[in-house]
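Text of start-v7.pdb (PDB, N, CA and C atoms) as supplied:
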```
ATOM      1  N   MET I 215     114.107 101.658 115.325
ATOM      2  CA  MET I 215     112.826 100.990 115.567
ATOM      3  C   MET I 215     111.781 101.517 114.587
ATOM      4  N   GLU I 216     111.055 100.627 113.984
ATOM      5  CA  GLU I 216     110.032 100.984 113.002
ATOM      6  C   GLU I 216     108.793 101.535 113.709
ATOM      7  N   LYS I 217     108.255 102.639 113.169
ATOM      8  CA  LYS I 217     107.021 103.201 113.736
ATOM      9  C   LYS I 217     105.855 102.295 113.399
ATOM     10  N   GLN I 218     104.941 102.197 114.337
ATOM     11  CA  GLN I 218     103.751 101.386 114.129
ATOM     12  C   GLN I 218     102.518 102.258 114.290
ATOM     13  N   PHE I 219     101.441 101.820 113.686
ATOM     14  CA  PHE I 219     100.146 102.443 113.872
ATOM     15  C   PHE I 219      99.747 102.241 115.331
ATOM     16  N   PRO I 220      99.177 103.269 115.986
ATOM     17  CA  PRO I 220      98.733 103.061 117.371
ATOM     18  C   PRO I 220      97.775 101.876 117.457
ATOM     19  N   TYR I 221      97.941 101.067 118.445
ATOM     20  CA  TYR I 221      97.118  99.873 118.681
ATOM     21  C   TYR I 221      97.367  98.777 117.648
ATOM     22  N   GLN I 222      98.400  98.892 116.854
ATOM     23  CA  GLN I 222      98.652  97.912 115.798
ATOM     24  C   GLN I 222      98.766  96.494 116.348
ATOM     25  N   ASN I 223      99.499  96.311 117.432
ATOM     26  CA  ASN I 223      99.656  94.958 117.989
ATOM     27  C   ASN I 223      98.311  94.372 118.398
ATOM     28  N   ASP I 224      97.473  95.186 119.044
ATOM     29  CA  ASP I 224      96.148  94.706 119.454
ATOM     30  C   ASP I 224      95.286  94.365 118.240
ATOM     31  N   LEU I 225      95.340  95.207 117.209
ATOM     32  CA  LEU I 225      94.535  94.971 116.011
ATOM     33  C   LEU I 225      94.972  93.705 115.287
ATOM     34  N   GLU I 226      96.269  93.459 115.239
ATOM     35  CA  GLU I 226      96.773  92.274 114.543
ATOM     36  C   GLU I 226      96.389  90.981 115.256
ATOM     37  N   GLN I 227      96.055  91.060 116.536
ATOM     38  CA  GLN I 227      95.685  89.868 117.300
ATOM     39  C   GLN I 227      94.186  89.568 117.244
ATOM     40  N   LEU I 228      93.396  90.454 116.645
ATOM     41  CA  LEU I 228      91.953  90.221 116.547
ATOM     42  C   LEU I 228      91.663  88.975 115.721
ATOM     43  N   ARG I 229      90.682  88.223 116.152
ATOM     44  CA  ARG I 229      90.235  87.035 115.433
ATOM     45  C   ARG I 229      88.817  87.290 114.924
ATOM     46  N   ASP I 230      88.372  86.478 113.978
ATOM     47  CA  ASP I 230      87.016  86.614 113.443
ATOM     48  C   ASP I 230      86.002  86.643 114.581
ATOM     49  N   GLY I 231      85.092  87.601 114.530
ATOM     50  CA  GLY I 231      84.039  87.719 115.525
ATOM     51  C   GLY I 231      84.398  88.533 116.748
ATOM     52  N   GLU I 232      85.676  88.808 116.963
ATOM     53  CA  GLU I 232      86.097  89.611 118.108
ATOM     54  C   GLU I 232      86.010  91.093 117.772
ATOM     55  N   LYS I 233      85.793  91.886 118.796
ATOM     56  CA  LYS I 233      85.748  93.338 118.634
ATOM     57  C   LYS I 233      86.695  93.964 119.639
ATOM     58  N   LEU I 234      87.202  95.128 119.294
ATOM     59  CA  LEU I 234      88.121  95.870 120.144
ATOM     60  C   LEU I 234      87.591  97.279 120.294
ATOM     61  N   VAL I 235      87.580  97.792 121.515
ATOM     62  CA  VAL I 235      87.143  99.167 121.750
ATOM     63  C   VAL I 235      88.392 100.035 121.870
ATOM     64  N   LEU I 236      88.476 101.040 120.997
ATOM     65  CA  LEU I 236      89.577 101.992 121.033
ATOM     66  C   LEU I 236      89.043 103.320 121.552
ATOM     67  N   TYR I 237      89.710 103.872 122.541
ATOM     68  CA  TYR I 237      89.339 105.184 123.063
ATOM     69  C   TYR I 237      90.336 106.195 122.539
ATOM     70  N   ILE I 238      89.828 107.156 121.799
ATOM     71  CA  ILE I 238      90.657 108.234 121.270
ATOM     72  C   ILE I 238      90.012 109.533 121.737
ATOM     73  N   GLY I 239      90.706 110.228 122.602
ATOM     74  CA  GLY I 239      90.117 111.415 123.205
ATOM     75  C   GLY I 239      88.930 110.980 124.041
ATOM     76  N   GLU I 240      87.807 111.611 123.819
ATOM     77  CA  GLU I 240      86.593 111.281 124.566
ATOM     78  C   GLU I 240      85.644 110.401 123.765
ATOM     79  N   LYS I 241      86.113 109.848 122.667
ATOM     80  CA  LYS I 241      85.265 109.018 121.811
ATOM     81  C   LYS I 241      85.730 107.566 121.853
ATOM     82  N   ALA I 242      84.740 106.657 121.751
ATOM     83  CA  ALA I 242      85.035 105.226 121.706
ATOM     84  C   ALA I 242      84.717 104.704 120.308
ATOM     85  N   PHE I 243      85.597 103.879 119.784
ATOM     86  CA  PHE I 243      85.424 103.275 118.466
ATOM     87  C   PHE I 243      85.458 101.764 118.626
ATOM     88  N   ILE I 244      84.494 101.081 118.000
ATOM     89  CA  ILE I 244      84.459  99.623 118.037
ATOM     90  C   ILE I 244      85.017  99.122 116.713
ATOM     91  N   VAL I 245      86.041  98.282 116.802
ATOM     92  CA  VAL I 245      86.759  97.816 115.617
ATOM     93  C   VAL I 245      86.658  96.299 115.538
ATOM     94  N   GLN I 246      86.426  95.812 114.330
ATOM     95  CA  GLN I 246      86.436  94.370 114.087
ATOM     96  C   GLN I 246      87.017  94.115 112.707
ATOM     97  N   LEU I 247      87.380  92.880 112.450
ATOM     98  CA  LEU I 247      87.907  92.526 111.140
ATOM     99  C   LEU I 247      86.837  92.734 110.084
ATOM    100  N   GLY I 248      87.233  93.236 108.940
ATOM    101  CA  GLY I 248      86.304  93.398 107.825
ATOM    102  C   GLY I 248      86.270  92.138 106.979
ATOM    103  N   THR I 249      85.101  91.849 106.430
ATOM    104  CA  THR I 249      84.974  90.701 105.533
ATOM    105  C   THR I 249      85.368  91.133 104.122
ATOM    106  N   ASP I 250      85.612  90.175 103.271
ATOM    107  CA  ASP I 250      85.933  90.481 101.876
ATOM    108  C   ASP I 250      84.793  91.262 101.232
ATOM    109  N   GLU I 251      83.547  90.879 101.562
ATOM    110  CA  GLU I 251      82.379  91.561 101.000
ATOM    111  C   GLU I 251      82.330  93.025 101.443
ATOM    112  N   GLU I 252      82.593  93.281 102.708
ATOM    113  CA  GLU I 252      82.589  94.655 103.220
ATOM    114  C   GLU I 252      83.678  95.491 102.549
ATOM    115  N   LEU I 253      84.847  94.926 102.414
ATOM    116  CA  LEU I 253      85.953  95.649 101.789
ATOM    117  C   LEU I 253      85.652  95.954 100.327
ATOM    118  N   GLU I 254      85.016  95.015  99.646
ATOM    119  CA  GLU I 254      84.648  95.229  98.250
ATOM    120  C   GLU I 254      83.638  96.374  98.130
ATOM    121  N   LYS I 255      82.642  96.404  99.025
ATOM    122  CA  LYS I 255      81.643  97.472  99.003
ATOM    123  C   LYS I 255      82.274  98.830  99.290
ATOM    124  N   ILE I 256      83.168  98.876 100.251
ATOM    125  CA  ILE I 256      83.816 100.144 100.600
ATOM    126  C   ILE I 256      84.658 100.639  99.428
ATOM    127  N   ASN I 257      85.340  99.752  98.759
ATOM    128  CA  ASN I 257      86.161 100.141  97.609
ATOM    129  C   ASN I 257      85.317 100.652  96.450
ATOM    130  N   GLN I 258      84.013 100.329  96.455
ATOM    131  CA  GLN I 258      83.108 100.814  95.403
ATOM    132  C   GLN I 258      82.397 102.096  95.828
ATOM    133  N   GLY I 259      82.798 102.650  96.957
ATOM    134  CA  GLY I 259      82.220 103.910  97.414
ATOM    135  C   GLY I 259      80.966 103.770  98.250
ATOM    136  N   VAL I 260      80.639 102.539  98.679
ATOM    137  CA  VAL I 260      79.486 102.322  99.545
ATOM    138  C   VAL I 260      79.999 102.177 100.970
ATOM    139  N   PHE I 261      79.542 103.039 101.854
ATOM    140  CA  PHE I 261      79.989 102.983 103.246
ATOM    141  C   PHE I 261      79.051 102.101 104.049
ATOM    142  N   ILE I 262      79.611 101.301 104.928
ATOM    143  CA  ILE I 262      78.831 100.367 105.727
ATOM    144  C   ILE I 262      78.820 100.858 107.163
ATOM    145  N   LEU I 263      77.638 101.065 107.705
ATOM    146  CA  LEU I 263      77.486 101.440 109.106
ATOM    147  C   LEU I 263      76.805 100.303 109.827
ATOM    148  N   THR I 264      77.496  99.741 110.804
ATOM    149  CA  THR I 264      76.896  98.635 111.567
ATOM    150  C   THR I 264      76.855  98.979 113.018
TER     151      THR I 264
END
```

Is it possible to express this structure as structure tokens?
Amino acid sequence: MEKQFPYQNDLEQLRDGEKLVLYIGEKAFIVQLGTDEELEKINQGVFILT
């Protein structure tokens, strides 16, 4: 069986505009699909905080 990233199935099912809350330890992380523009900015060393 191939190893998967934790929550991979849930992440792959996300649609545009949807958000997923991941709880890791005592912290909550809100995850959403990134836009092409956001990915381009991150690849240029600009971090986006929303």

(request) Using DSSP on the backbone, list every residue of chain I that comes out as helix (DSSP H, G or I), and give them as a list in words. (result) Gln222, Asn223, Asp224, Leu225, Glu226, Asp250, Glu251, Glu252, Leu253, Glu254, Lys255, Ile256 and Asn257 of chain I

(message) Report, in Å with one decimal, the straight-line distance from atom C of Phe219 of chain I to atom C of Leu234 of chain I.
(response)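 We find that atom C of Phe219 of chain I and atom C of Leu234 of chain I lie 14.0 Å from each other.
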
(request) Using only C-alpha atoms, pick whichever of I:Glu232, I:Gln258, I:Glu216, I:Tyr221 has the shortest atom-to-atom distance to Gln246 of chain I. (result)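 Using only C-alpha atoms, Gln246 of chain I sits closest to I:Glu232.
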
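Running DSSP on the backbone gives strand (DSSP E or B) for these residues within chain I: Lys233, Leu234, Val235, Leu236, Tyr237, Ile238, Lys241, Ala242, Phe243, Ile244, Val245 and Gln246 of chain I.
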
Emit as JSON the padded axis-aligned box for all listed atoms of segment 244-261 of chain I, 6 Å per side, with centre and edge lengths in Å to one decimal.
```
{"center_x": 83.5, "center_y": 97.0, "center_z": 106.7, "size_x": 20.9, "size_y": 25.7, "size_z": 34.6}
```

(message) With only C-alpha atoms as the counted atoms, please give the residues lying no more than 9 Å from Lys233 of chain I, apart from itself and same-chain residues fewer than 6 positions off, as a PyMOL selection string.
(response) chain I and resi 244-247

(message) As an exercise, work out the distance from atom N of Thr249 of chain I to atom CA of Lys217 of chain I in Å and give it to one decimal place.
(response)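 Between atom N of Thr249 of chain I and atom CA of Lys217 of chain I the gap works out to 25.7 Å.
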
(message) Can you measure atom CA of Asp250 of chain I to atom C of Ile238 of chain I for me? One decimal in Å is fine.
(response)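 A separation of 27.8 Å between them.
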